[in-house]
Amino acid sequence: MSLKKKYGLLASSAAVALLLAACAGDSGTGENTGTEDTGTDEGSTQENGASEDTGGLDFPETATNEGEPIDGGTLQVALVAESAFPGIFSSEFSQINTDSQLMEPMAGSVLRQDENFQWTDGAASMDFNEEENFVTLTLQEGVLWHDGEELTVDDIVFAHEIVGHPDYAGVRYSTEFQNIEGMPEFKAGEADSISGLRVIDDYTLEIQYVDPVGPAVYQAGGPVWAYAAPRHYYGDVPVDEMESAPEIRENPIGFGPFKVTNIVAGESVEYEAFEDYYEGAPNIDGVVIERIPQSGIVEALRSGDFDVTLNMPTDQFESFADGIPGYTTLGVPGQSYDYVSFKMGEWNGEENEYDENAKMANLNLRKAMAYALDIDAVGEEFYDGLRYRADSHIIPNFGDFYNPDLEGYPHDPEKAEELLDEAGYVDQDGDGMREDPDGEQLTINYAARAGSDAAEPIALYYIQAWNEIGLDVQLLEGRLHETNSFYDRVQADDPAIDVHEGGWSTGSDPNPEGLYGPSAAFNFSRFVDEENTQYFEDMSSEESYDTDYHLNVFHEWQEYFMEDALPAFPTFWRTELQLVNDRVANWDHGSLPTSYNFENIELLEESPVTE
């Protein structure tokens, strides 16, 4: 059995879905929004290690609508989001899941993912030379950008050069990039090119790595950065101006099945079929993706305004639990999880700087805050069991990589109080709130997003639960915060924030280094220690070619990170829902939204069906 096939089987013990590898979701990172294979029934959820069932609900994964397709038509997609989307149509700069979703119809795929989150052929194929530790990407000839220029491997090189540029201020420059030969010198401005990117010809590129990349090289979202940027289109734009450039914000191009024709900033995007798409013209004429707030989505569906929903809010499930005429509700285990994170340092632009004297640096304090929350009850009360208590930082969808033996942090306020007592957090002045071990007043500021109807009551419950164990936790500035500004402040290490909630879309790589590694910009806790770093090195070492060794490292890391580190604790696994109109054929929630399925969509009626 080849190494690729052997590792392709690792995730097969859990039903897996190809959900969007969102923004920071590349390379094991995910984006920070509320989106976030078979239907989830009680048994399958328990087999995947979840601590609670999903209410015994069973959802189909695909919309099997049949009929005679109309000629063309436009797919109407609802992007359910409270905040306007940033509208950054670039894999190098985007950070929010909604932007990644908006890129799906148009961006194009250099490489794709199979059912086990392994790289497979897209516009290019990939080979790995294990002995010499380099990857070869071979492009198809005749793949065109939307402006008619041909895609070449120089566009893949350009994408690497953007991320590695000294003026690049985005979040993609990670250990995977640093491991490419010559990348550190390019980043430091000491070289004009990246020596490890060897252009053989217009269609062949070799990527040389310094340290062994191990079997992770086959993992979608792993060491191989499989994206391209059109050098001919915005190669003359200074890197520090690219994120706001009109070529990215207003008139973006890709090589996917649809091309952007109109953008209403923050609100909607219109696409038309790209007739020269390398795999053939799409079946429909176009796609419109329009943002709609959660409060309006159910009524909009009842009126037949949309064909498909993205990010359907599970906290509104009761309002459509009996079904909406003309629609099928699809559901899959989410490629995502929610979390609570503790701020313990700063990002210096290249790596995380951990402060062992930070307010939240005491492990017992962090554990106590985890035990104080009744996540099981919150999932049932606010999400009808469609979100349920998580017990690891690696999701069950990753199959054998997931450690099923962890208990996580079930509700145990007595245990929480014991931990605080042991650590010296005691009430010294009799006001009911604990002082810190030095006897100083302890006030903890908690930041939360205004992302859904459930956001405020959940935030208030968390604060109440923490107050009940004697911790003076206050809602930051007495209110919830708009999602985009919330993450701006979190990422900038706003000193007013001690603890915050959030959500990760995990992408396609189980390796968590992109979220919790020493040089990961998305390591919002800024936690760094030698043991954690060593685990990440072991995950991609030469020894990791041994399957048992590789999986054991992942299992040990999860136990260590939950019990001995805990810079953040996971709160919920998610069941991701979509509603699909009866006029839509070939829609698969298990693999969409993905650009290589958009061209297969067919419409059976001229407008959405409402009965």
# chains A, B, ... in the order shown; residues from 1 in each chain; ligands from 1

call {"tool": "residues_around", "arguments": {"residues": "stretch 289-291 of chain A", "least_positions_apart": "4", "cutoff": "9 Å", "atoms": "only C-alpha atoms", "output": "PyMOL selection string"}}
result
chain A and resi 75-85+102+266-271

call {"tool": "closest_atom_pairs", "arguments": {"of": "stretch 460-509 of chain A", "to": "stretch 368-371 of chain A", "cutoff": "10 Å", "atoms": "only C-alpha atoms", "output": "tab-separated table"}}
result
residue	atom	partner	partner_atom	distance
A:Tyr462	CA	A:Met369	CA	9.1
A:Ile463	CA	A:Met369	CA	9.9
A:Ala465	CA	A:Met369	CA	8.6
A:Trp466	CA	A:Met369	CA	6.4
A:Asn467	CA	A:Met369	CA	9.9
A:Ile469	CA	A:Ala368	CA	8.4
A:Leu471	CA	A:Met369	CA	8.7

call {"tool": "closest_residue", "arguments": {"among": "A:Asn65, A:Thr152, A:Asn532, A:Gln101", "to": "A:Ala124", "atoms": "only C-alpha atoms"}}
result
A:Thr152

call {"tool": "closest_residue", "arguments": {"among": "A:Val224, A:Ala568, A:Leu603, A:Leu111", "to": "A:Asp285", "atoms": "only C-alpha atoms"}}
result
A:Leu603

call {"tool": "closest_residue", "arguments": {"among": "A:Thr575, A:Asn133, A:Asn484, A:Thr175", "to": "A:Tyr516", "atoms": "only C-alpha atoms"}}
result
A:Thr175

call {"tool": "residues_around", "arguments": {"residues": "stretch 325-340 of chain A", "least_positions_apart": "2", "cutoff": "7 Å", "atoms": "only C-alpha atoms", "output": "compact mmCIF listing (two decimals) with all heavy atoms, in the first residue's frame"}}
result
# COMPACT_ATOMS: atom_id res chain seq x y z
N LEU A 19 -16.10 20.36 3.96
CA LEU A 19 -16.63 21.69 4.14
C LEU A 19 -15.54 22.70 3.84
O LEU A 19 -14.38 22.38 3.72
CB LEU A 19 -17.15 21.88 5.58
CG LEU A 19 -18.32 20.98 5.95
CD1 LEU A 19 -18.81 21.33 7.34
CD2 LEU A 19 -19.46 21.11 4.96
N GLU A 36 -20.40 28.03 9.85
CA GLU A 36 -19.91 26.87 10.06
C GLU A 36 -21.17 26.74 10.44
O GLU A 36 -21.69 27.52 9.74
CB GLU A 36 -19.22 26.49 10.95
CG GLU A 36 -18.44 27.64 10.70
CD GLU A 36 -17.44 27.79 11.33
OE1 GLU A 36 -17.50 28.12 12.11
OE2 GLU A 36 -16.58 27.64 11.04
N ASP A 37 -20.34 11.18 5.44
CA ASP A 37 -21.03 12.08 5.84
C ASP A 37 -22.45 11.87 5.76
O ASP A 37 -23.07 12.40 4.89
CB ASP A 37 -20.54 13.12 6.45
CG ASP A 37 -19.77 13.48 7.50
OD1 ASP A 37 -20.38 13.71 8.49
OD2 ASP A 37 -18.59 13.57 7.29
N THR A 38 -22.57 11.77 6.64
CA THR A 38 -23.94 11.34 6.68
C THR A 38 -24.70 12.24 7.61
O THR A 38 -24.13 13.02 8.33
CB THR A 38 -24.00 9.91 7.19
OG1 THR A 38 -23.38 9.84 8.45
CG2 THR A 38 -23.25 8.98 6.27
N GLY A 39 -25.99 12.12 7.60
CA GLY A 39 -26.78 12.87 8.55
C GLY A 39 -26.41 12.49 9.96
O GLY A 39 -26.00 11.38 10.21
N THR A 40 -26.55 13.44 10.88
CA THR A 40 -26.12 13.18 12.25
C THR A 40 -27.23 12.54 13.04
O THR A 40 -28.24 13.15 13.34
CB THR A 40 -25.73 14.50 12.93
OG1 THR A 40 -26.85 15.38 12.85
CG2 THR A 40 -24.54 15.12 12.28
N PHE A 59 -30.60 14.08 9.45
CA PHE A 59 -30.72 14.95 8.28
C PHE A 59 -30.10 14.28 7.07
O PHE A 59 -29.07 13.61 7.19
CB PHE A 59 -30.00 16.28 8.52
CG PHE A 59 -30.51 17.07 9.68
CD1 PHE A 59 -29.86 17.03 10.89
CD2 PHE A 59 -31.64 17.86 9.56
CE1 PHE A 59 -30.31 17.75 11.98
CE2 PHE A 59 -32.11 18.59 10.64
CZ PHE A 59 -31.44 18.53 11.85
N PRO A 60 -30.67 14.48 5.90
CA PRO A 60 -29.99 14.04 4.69
C PRO A 60 -28.80 14.94 4.41
O PRO A 60 -28.72 16.07 4.91
CB PRO A 60 -31.06 14.19 3.60
CG PRO A 60 -31.97 15.25 4.12
CD PRO A 60 -31.99 15.10 5.62
N GLU A 61 -27.90 14.44 3.60
CA GLU A 61 -26.69 15.20 3.24
C GLU A 61 -26.81 15.85 1.87
O GLU A 61 -26.15 16.85 1.59
CB GLU A 61 -25.50 14.26 3.28
CG GLU A 61 -24.18 14.87 2.93
CD GLU A 61 -23.06 13.85 2.95
OE1 GLU A 61 -23.21 12.80 3.59
OE2 GLU A 61 -22.02 14.12 2.31
N THR A 62 -27.64 15.28 1.01
CA THR A 62 -27.78 15.79 -0.34
C THR A 62 -29.24 16.08 -0.65
O THR A 62 -30.15 15.49 -0.08
CB THR A 62 -27.25 14.77 -1.37
OG1 THR A 62 -27.99 13.55 -1.24
CG2 THR A 62 -25.78 14.48 -1.13
N ALA A 63 -29.44 17.02 -1.57
CA ALA A 63 -30.77 17.33 -2.06
C ALA A 63 -30.97 16.56 -3.37
O ALA A 63 -30.41 16.93 -4.41
CB ALA A 63 -30.92 18.83 -2.30
N GLY A 323 -40.02 22.01 8.92
CA GLY A 323 -39.81 22.16 7.49
C GLY A 323 -40.40 23.44 6.94
O GLY A 323 -41.36 24.01 7.50
N PHE A 342 -8.01 32.31 26.41
CA PHE A 342 -7.45 33.18 27.44
C PHE A 342 -6.25 33.93 26.88
O PHE A 342 -5.33 33.33 26.30
CB PHE A 342 -7.01 32.33 28.64
CG PHE A 342 -8.10 31.48 29.22
CD1 PHE A 342 -8.23 30.15 28.82
CD2 PHE A 342 -9.00 31.99 30.13
CE1 PHE A 342 -9.24 29.35 29.34
CE2 PHE A 342 -10.01 31.20 30.66
CZ PHE A 342 -10.14 29.88 30.26
N ASN A 397 -14.49 14.60 13.07
CA ASN A 397 -14.48 14.35 11.63
C ASN A 397 -13.11 13.88 11.12
O ASN A 397 -13.02 13.27 10.06
CB ASN A 397 -14.86 15.62 10.86
CG ASN A 397 -16.34 15.90 10.90
OD1 ASN A 397 -17.07 15.24 11.62
ND2 ASN A 397 -16.79 16.90 10.16
N HIS A 500 -11.97 35.58 25.70
CA HIS A 500 -12.95 35.80 24.64
C HIS A 500 -13.45 34.48 24.12
O HIS A 500 -12.80 33.44 24.25
CB HIS A 500 -12.37 36.63 23.50
CG HIS A 500 -11.38 35.90 22.64
ND1 HIS A 500 -10.03 35.84 22.94
CD2 HIS A 500 -11.52 35.19 21.50
CE1 HIS A 500 -9.40 35.13 22.02
NE2 HIS A 500 -10.28 34.71 21.13
N GLU A 501 -14.63 34.51 23.53
CA GLU A 501 -15.16 33.33 22.85
C GLU A 501 -14.86 33.47 21.36
O GLU A 501 -14.43 34.52 20.89
CB GLU A 501 -16.65 33.17 23.12
CG GLU A 501 -17.52 34.35 22.73
CD GLU A 501 -17.84 34.41 21.25
OE1 GLU A 501 -18.03 33.33 20.65
OE2 GLU A 501 -17.92 35.51 20.69
N GLY A 502 -15.11 32.40 20.62
CA GLY A 502 -14.91 32.46 19.18
C GLY A 502 -15.26 31.13 18.55
O GLY A 502 -15.79 30.22 19.21
N GLY A 503 -14.97 31.00 17.27
CA GLY A 503 -15.24 29.77 16.55
C GLY A 503 -14.21 29.55 15.47
O GLY A 503 -13.80 30.51 14.80
N TRP A 504 -13.75 28.32 15.32
CA TRP A 504 -12.80 27.98 14.27
C TRP A 504 -13.46 27.07 13.24
O TRP A 504 -14.09 26.10 13.60
CB TRP A 504 -11.59 27.24 14.82
CG TRP A 504 -10.64 28.06 15.64
CD1 TRP A 504 -10.24 27.83 16.92
CD2 TRP A 504 -9.96 29.24 15.22
NE1 TRP A 504 -9.37 28.80 17.33
CE2 TRP A 504 -9.17 29.67 16.30
CE3 TRP A 504 -9.95 29.97 14.03
CZ2 TRP A 504 -8.37 30.81 16.23
CZ3 TRP A 504 -9.15 31.11 13.97
CH2 TRP A 504 -8.37 31.51 15.06
N SER A 505 -13.27 27.40 11.97
CA SER A 505 -13.48 26.43 10.91
C SER A 505 -12.13 25.77 10.70
O SER A 505 -11.15 26.44 10.42
CB SER A 505 -13.97 27.11 9.64
OG SER A 505 -14.11 26.19 8.60
N THR A 506 -12.06 24.46 10.91
CA THR A 506 -10.77 23.80 11.07
C THR A 506 -10.02 23.55 9.78
O THR A 506 -8.86 23.15 9.81
CB THR A 506 -10.95 22.45 11.78
OG1 THR A 506 -11.79 21.62 10.97
CG2 THR A 506 -11.57 22.64 13.14
N GLY A 507 -10.67 23.75 8.63
CA GLY A 507 -10.00 23.41 7.39
C GLY A 507 -9.90 21.91 7.21
O GLY A 507 -10.70 21.14 7.74
N ALA A 568 -6.90 27.55 25.64
CA ALA A 568 -8.28 27.73 25.19
C ALA A 568 -8.97 26.41 25.41
O ALA A 568 -8.35 25.36 25.32
CB ALA A 568 -8.33 28.13 23.72
N PHE A 569 -10.27 26.45 25.73
CA PHE A 569 -10.98 25.18 25.83
C PHE A 569 -12.13 25.17 24.83
O PHE A 569 -12.82 26.18 24.63
CB PHE A 569 -11.47 24.89 27.25
CG PHE A 569 -12.47 25.86 27.83
CD1 PHE A 569 -13.84 25.67 27.65
CD2 PHE A 569 -12.05 26.94 28.58
CE1 PHE A 569 -14.77 26.54 28.20
CE2 PHE A 569 -12.98 27.82 29.13
CZ PHE A 569 -14.34 27.62 28.95
N PRO A 570 -12.32 24.04 24.15
CA PRO A 570 -13.41 23.93 23.19
C PRO A 570 -14.74 23.86 23.92
O PRO A 570 -14.84 23.25 24.99
CB PRO A 570 -13.11 22.63 22.45
CG PRO A 570 -12.36 21.80 23.45
CD PRO A 570 -11.56 22.78 24.28
N THR A 571 -15.75 24.48 23.36
CA THR A 571 -17.08 24.45 23.98
C THR A 571 -18.03 23.56 23.19
O THR A 571 -18.54 22.58 23.74
CB THR A 571 -17.65 25.87 24.11
OG1 THR A 571 -17.57 26.55 22.84
CG2 THR A 571 -16.89 26.66 25.16
N PHE A 572 -18.24 23.83 21.90
CA PHE A 572 -19.24 23.10 21.13
C PHE A 572 -18.67 22.47 19.87
O PHE A 572 -17.89 23.10 19.15
CB PHE A 572 -20.39 24.02 20.68
CG PHE A 572 -21.17 24.65 21.80
CD1 PHE A 572 -20.99 25.99 22.12
CD2 PHE A 572 -22.10 23.91 22.52
CE1 PHE A 572 -21.71 26.57 23.14
CE2 PHE A 572 -22.82 24.49 23.55
CZ PHE A 572 -22.62 25.82 23.86
N TRP A 573 -19.08 21.21 19.59
CA TRP A 573 -19.10 20.72 18.22
C TRP A 573 -20.38 21.26 17.60
O TRP A 573 -21.34 21.58 18.29
CB TRP A 573 -19.14 19.20 18.15
CG TRP A 573 -18.10 18.40 18.87
CD1 TRP A 573 -18.34 17.32 19.68
CD2 TRP A 573 -16.68 18.54 18.84
NE1 TRP A 573 -17.16 16.80 20.15
CE2 TRP A 573 -16.12 17.52 19.65
CE3 TRP A 573 -15.82 19.43 18.19
CZ2 TRP A 573 -14.76 17.37 19.84
CZ3 TRP A 573 -14.45 19.28 18.38
CH2 TRP A 573 -13.94 18.27 19.19
N ARG A 574 -20.44 21.25 16.27
CA ARG A 574 -21.61 21.82 15.59
C ARG A 574 -22.20 20.83 14.58
O ARG A 574 -21.48 20.09 13.93
CB ARG A 574 -21.23 23.09 14.82
CG ARG A 574 -20.60 24.19 15.65
CD ARG A 574 -20.19 25.32 14.75
NE ARG A 574 -19.50 26.37 15.46
CZ ARG A 574 -19.00 27.46 14.88
NH1 ARG A 574 -19.12 27.61 13.58
NH2 ARG A 574 -18.39 28.39 15.59
N THR A 575 -23.51 20.87 14.45
CA THR A 575 -24.18 20.28 13.30
C THR A 575 -24.48 21.44 12.35
O THR A 575 -25.17 22.39 12.73
CB THR A 575 -25.50 19.59 13.71
OG1 THR A 575 -25.21 18.57 14.66
CG2 THR A 575 -26.19 18.99 12.50
N GLU A 576 -23.94 21.37 11.15
CA GLU A 576 -24.12 22.46 10.18
C GLU A 576 -25.33 22.18 9.30
O GLU A 576 -25.42 21.11 8.69
CB GLU A 576 -22.86 22.61 9.31
CG GLU A 576 -21.57 22.77 10.10
CD GLU A 576 -21.44 24.11 10.81
OE1 GLU A 576 -22.40 24.90 10.74
OE2 GLU A 576 -20.39 24.35 11.43
N LEU A 577 -26.23 23.14 9.24
CA LEU A 577 -27.46 22.98 8.47
C LEU A 577 -27.46 23.85 7.22
O LEU A 577 -26.86 24.92 7.19
CB LEU A 577 -28.67 23.37 9.33
CG LEU A 577 -28.89 22.60 10.63
CD1 LEU A 577 -30.13 23.12 11.35
CD2 LEU A 577 -29.00 21.11 10.37
N GLN A 578 -28.13 23.36 6.20
CA GLN A 578 -28.43 24.14 5.00
C GLN A 578 -29.85 23.83 4.58
O GLN A 578 -30.32 22.69 4.75
CB GLN A 578 -27.49 23.78 3.85
CG GLN A 578 -26.09 24.30 3.96
CD GLN A 578 -25.29 24.03 2.70
OE1 GLN A 578 -25.51 23.05 2.01
NE2 GLN A 578 -24.35 24.91 2.40
N LEU A 579 -30.53 24.82 4.04
CA LEU A 579 -31.82 24.59 3.41
C LEU A 579 -31.66 24.77 1.91
O LEU A 579 -31.06 25.75 1.46
CB LEU A 579 -32.89 25.53 3.96
CG LEU A 579 -33.64 25.00 5.19
CD1 LEU A 579 -32.74 25.02 6.41
CD2 LEU A 579 -34.92 25.78 5.46
N VAL A 580 -32.19 23.81 1.15
CA VAL A 580 -32.03 23.80 -0.30
C VAL A 580 -33.39 23.69 -0.95
O VAL A 580 -34.19 22.81 -0.60
CB VAL A 580 -31.13 22.63 -0.75
CG1 VAL A 580 -30.96 22.63 -2.26
CG2 VAL A 580 -29.76 22.70 -0.07
N ASN A 581 -33.65 24.57 -1.90
CA ASN A 581 -34.94 24.59 -2.57
C ASN A 581 -35.12 23.39 -3.49
O ASN A 581 -34.16 22.86 -4.05
CB ASN A 581 -35.11 25.88 -3.36
CG ASN A 581 -36.54 26.11 -3.80
OD1 ASN A 581 -36.91 25.79 -4.93
ND2 ASN A 581 -37.37 26.65 -2.92
N ASP A 582 -36.38 23.01 -3.69
CA ASP A 582 -36.70 21.84 -4.50
C ASP A 582 -36.36 22.02 -5.98
O ASP A 582 -36.37 21.04 -6.74
CB ASP A 582 -38.18 21.50 -4.37
CG ASP A 582 -38.55 20.96 -3.00
OD1 ASP A 582 -37.62 20.64 -2.23
OD2 ASP A 582 -39.75 20.88 -2.69
N HIS A 589 -24.44 18.93 0.51
CA HIS A 589 -23.95 19.66 1.67
C HIS A 589 -22.63 19.09 2.18
O HIS A 589 -21.86 19.75 2.86
CB HIS A 589 -25.00 19.61 2.79
CG HIS A 589 -24.69 20.47 3.98
ND1 HIS A 589 -23.76 21.49 3.95
CD2 HIS A 589 -25.19 20.45 5.25
CE1 HIS A 589 -23.71 22.06 5.13
NE2 HIS A 589 -24.55 21.45 5.95
N GLY A 590 -22.36 17.85 1.86
CA GLY A 590 -21.13 17.24 2.31
C GLY A 590 -19.89 17.75 1.61
O GLY A 590 -18.79 17.56 2.08
N VAL A 609 -39.22 27.20 -5.56
CA VAL A 609 -40.52 26.58 -5.28
C VAL A 609 -40.90 26.90 -3.83
O VAL A 609 -40.06 26.82 -2.93
CB VAL A 609 -40.44 25.05 -5.49
CG1 VAL A 609 -41.76 24.39 -5.12
CG2 VAL A 609 -40.05 24.75 -6.92
N THR A 610 -42.15 27.24 -3.59
CA THR A 610 -42.59 27.58 -2.23
C THR A 610 -43.72 26.68 -1.73
O THR A 610 -44.38 27.01 -0.76
CB THR A 610 -43.04 29.05 -2.17
OG1 THR A 610 -44.09 29.27 -3.12
CG2 THR A 610 -41.88 29.99 -2.44
N GLU A 611 -43.93 25.56 -2.38
CA GLU A 611 -45.00 24.65 -1.91
C GLU A 611 -44.67 23.22 -2.33
O GLU A 611 -43.75 23.00 -3.10
CB GLU A 611 -46.35 25.06 -2.49
CG GLU A 611 -46.39 25.08 -3.99
CD GLU A 611 -47.74 25.54 -4.54
OE1 GLU A 611 -48.44 26.29 -3.84
OE2 GLU A 611 -48.07 25.15 -5.67

call {"tool": "select_by_dssp", "arguments": {"residues": "stretch 390-514 of chain A", "states": "strand (DSSP E)", "output": "VMD selection string"}}
result
chain A and resid 443 to 447 472 to 475 499 to 505

call {"tool": "closest_residue", "arguments": {"among": "A:Ser174, A:Thr74, A:Thr483, A:Ser125", "to": "A:Leu515", "atoms": "only C-alpha atoms"}}
result
A:Ser174

call {"tool": "residues_around", "arguments": {"residues": "A:Lys259", "least_positions_apart": "6", "cutoff": "12 Å", "atoms": "only C-alpha atoms", "output": "tab-separated table (two decimals) with C-alpha atoms, in the first residue's frame"}}
result
chain	number	residue	atom	x	y	z
A	89	PHE	CA	-11.12	38.13	-2.60
A	102	LEU	CA	-17.69	34.21	-1.54
A	103	MET	CA	-14.53	33.09	-3.32
A	104	GLU	CA	-15.70	29.51	-3.80
A	105	PRO	CA	-17.61	29.96	-7.09
A	106	MET	CA	-14.81	31.97	-8.70
A	107	ALA	CA	-11.40	31.27	-7.21
A	108	GLY	CA	-10.54	27.91	-8.79
A	144	LEU	CA	-7.43	30.34	-18.04
A	145	TRP	CA	-7.90	33.21	-15.65
A	146	HIS	CA	-11.19	35.05	-16.09
A	147	ASP	CA	-9.47	37.74	-18.17
A	148	GLY	CA	-8.27	35.13	-20.68
A	251	ASN	CA	-12.80	43.48	-9.65
A	252	PRO	CA	-11.29	40.18	-8.54
A	253	ILE	CA	-10.50	37.38	-10.98
A	269	VAL	CA	-21.81	39.44	-5.11
A	270	GLU	CA	-23.03	38.55	-8.60
A	271	TYR	CA	-21.31	35.96	-10.77
A	272	GLU	CA	-21.80	34.79	-14.35
A	273	ALA	CA	-20.77	31.51	-15.93
A	274	PHE	CA	-17.20	31.39	-17.19
A	275	GLU	CA	-17.64	29.75	-20.56
A	276	ASP	CA	-13.91	28.98	-20.86
A	277	TYR	CA	-13.68	27.15	-17.54
A	281	ALA	CA	-18.96	25.70	-18.87
A	282	PRO	CA	-21.37	25.55	-15.90
A	285	ASP	CA	-26.03	31.20	-16.14
A	286	GLY	CA	-25.02	32.69	-12.85
A	287	VAL	CA	-24.98	32.87	-9.07
A	288	VAL	CA	-25.99	35.66	-6.70
A	595	SER	CA	-15.92	25.54	-6.76
A	598	PHE	CA	-20.78	24.74	-8.65
A	599	GLU	CA	-20.52	23.97	-12.36

call {"tool": "closest_residue", "arguments": {"among": "A:Gly430, A:Pro567, A:Gly142, A:Pro215", "to": "A:Leu363", "atoms": "only C-alpha atoms"}}
result
A:Pro567

call {"tool": "select_by_dssp", "arguments": {"residues": "stretch 383-535 of chain A", "states": "alpha helix (DSSP H)", "output": "PyMOL selection string"}}
result
chain A and resi 383+413-423+455-468+483-491+513-516+530-535

call {"tool": "closest_residue", "arguments": {"among": "A:Gly67, A:Gly470, A:Gly221, A:Pro512", "to": "A:Val553", "atoms": "only C-alpha atoms"}}
result
A:Pro512

call {"tool": "residues_around", "arguments": {"residues": "A:Arg249", "least_positions_apart": "5", "cutoff": "12 Å", "atoms": "only C-alpha atoms", "output": "mmCIF file with N, CA and C atoms, in the first residue's frame"}}
result
data_model
loop_
_atom_site.group_PDB
_atom_site.id
_atom_site.type_symbol
_atom_site.label_atom_id
_atom_site.label_comp_id
_atom_site.auth_asym_id
_atom_site.auth_seq_id
_atom_site.Cartn_x
_atom_site.Cartn_y
_atom_site.Cartn_z
ATOM 1 N N PHE A 85 -19.801 41.602 5.059
ATOM 2 C CA PHE A 85 -18.573 40.855 4.820
ATOM 3 C C PHE A 85 -17.459 41.816 4.394
ATOM 4 N N PRO A 86 -16.204 41.534 4.789
ATOM 5 C CA PRO A 86 -15.102 42.427 4.418
ATOM 6 C C PRO A 86 -14.901 42.527 2.914
ATOM 7 N N GLY A 87 -15.056 41.403 2.194
ATOM 8 C CA GLY A 87 -14.912 41.429 0.745
ATOM 9 C C GLY A 87 -13.464 41.434 0.293
ATOM 10 N N ILE A 88 -12.655 40.553 0.862
ATOM 11 C CA ILE A 88 -11.254 40.406 0.455
ATOM 12 C C ILE A 88 -11.155 39.133 -0.376
ATOM 13 N N PHE A 89 -11.103 39.270 -1.695
ATOM 14 C CA PHE A 89 -11.118 38.128 -2.603
ATOM 15 C C PHE A 89 -9.683 37.695 -2.898
ATOM 16 N N SER A 90 -9.014 37.215 -1.864
ATOM 17 C CA SER A 90 -7.629 36.779 -1.982
ATOM 18 C C SER A 90 -7.340 35.787 -0.870
ATOM 19 N N PHE A 93 -4.892 37.102 1.803
ATOM 20 C CA PHE A 93 -5.247 38.149 2.751
ATOM 21 C C PHE A 93 -6.556 37.910 3.503
ATOM 22 N N SER A 94 -7.442 37.080 2.992
ATOM 23 C CA SER A 94 -8.739 36.911 3.645
ATOM 24 C C SER A 94 -8.564 36.234 4.997
ATOM 25 N N ASP A 99 -15.774 35.565 3.538
ATOM 26 C CA ASP A 99 -15.004 35.902 2.340
ATOM 27 C C ASP A 99 -14.572 34.641 1.598
ATOM 28 N N LEU A 102 -17.453 33.399 -0.354
ATOM 29 C CA LEU A 102 -17.692 34.212 -1.540
ATOM 30 C C LEU A 102 -16.697 33.908 -2.654
ATOM 31 N N MET A 103 -15.522 33.440 -2.293
ATOM 32 C CA MET A 103 -14.531 33.091 -3.317
ATOM 33 C C MET A 103 -14.781 31.737 -3.958
ATOM 34 N N TYR A 234 -2.224 41.822 -10.774
ATOM 35 C CA TYR A 234 -1.869 42.799 -9.737
ATOM 36 C C TYR A 234 -0.442 42.629 -9.223
ATOM 37 N N GLU A 241 -0.168 47.266 -0.113
ATOM 38 C CA GLU A 241 -1.386 47.917 -0.583
ATOM 39 C C GLU A 241 -2.366 46.930 -1.212
ATOM 40 N N MET A 242 -1.956 45.674 -1.327
ATOM 41 C CA MET A 242 -2.772 44.700 -2.050
ATOM 42 C C MET A 242 -4.133 44.459 -1.411
ATOM 43 N N GLU A 243 -4.178 44.316 -0.105
ATOM 44 C CA GLU A 243 -5.424 43.942 0.557
ATOM 45 C C GLU A 243 -6.555 44.909 0.243
ATOM 46 N N SER A 244 -6.242 46.183 0.045
ATOM 47 C CA SER A 244 -7.275 47.180 -0.247
ATOM 48 C C SER A 244 -7.345 47.546 -1.720
ATOM 49 N N VAL A 260 -16.784 37.024 -11.262
ATOM 50 C CA VAL A 260 -17.493 38.106 -10.581
ATOM 51 C C VAL A 260 -17.840 39.192 -11.591
ATOM 52 N N ASN A 262 -20.322 41.805 -10.387
ATOM 53 C CA ASN A 262 -20.741 42.979 -9.621
ATOM 54 C C ASN A 262 -20.624 42.688 -8.131
ATOM 55 N N ILE A 263 -20.137 43.671 -7.392
ATOM 56 C CA ILE A 263 -20.038 43.562 -5.934
ATOM 57 C C ILE A 263 -20.690 44.781 -5.309
ATOM 58 N N VAL A 264 -21.620 44.551 -4.418
ATOM 59 C CA VAL A 264 -22.131 45.601 -3.550
ATOM 60 C C VAL A 264 -21.421 45.404 -2.217
ATOM 61 N N ALA A 265 -20.518 46.313 -1.906
ATOM 62 C CA ALA A 265 -19.581 46.107 -0.803
ATOM 63 C C ALA A 265 -20.286 45.671 0.476
ATOM 64 N N GLY A 266 -19.863 44.527 0.994
ATOM 65 C CA GLY A 266 -20.371 44.018 2.255
ATOM 66 C C GLY A 266 -21.719 43.350 2.193
ATOM 67 N N VAL A 269 -22.734 39.665 -3.996
ATOM 68 C CA VAL A 269 -21.815 39.444 -5.111
ATOM 69 C C VAL A 269 -22.586 38.723 -6.213
#

call {"tool": "residues_around", "arguments": {"residues": "stretch 410-423 of chain A", "least_positions_apart": "3", "cutoff": "8 Å", "atoms": "only C-alpha atoms", "output": "list in words"}}
result
Asn362, Asn364, Leu365, Lys367, Ala368, Met369, Ala370, Tyr371, Ala372, Leu373, Asp374, Ile375, Asp376, Glu407, Val426, Pro437 and Ile469 of chain A
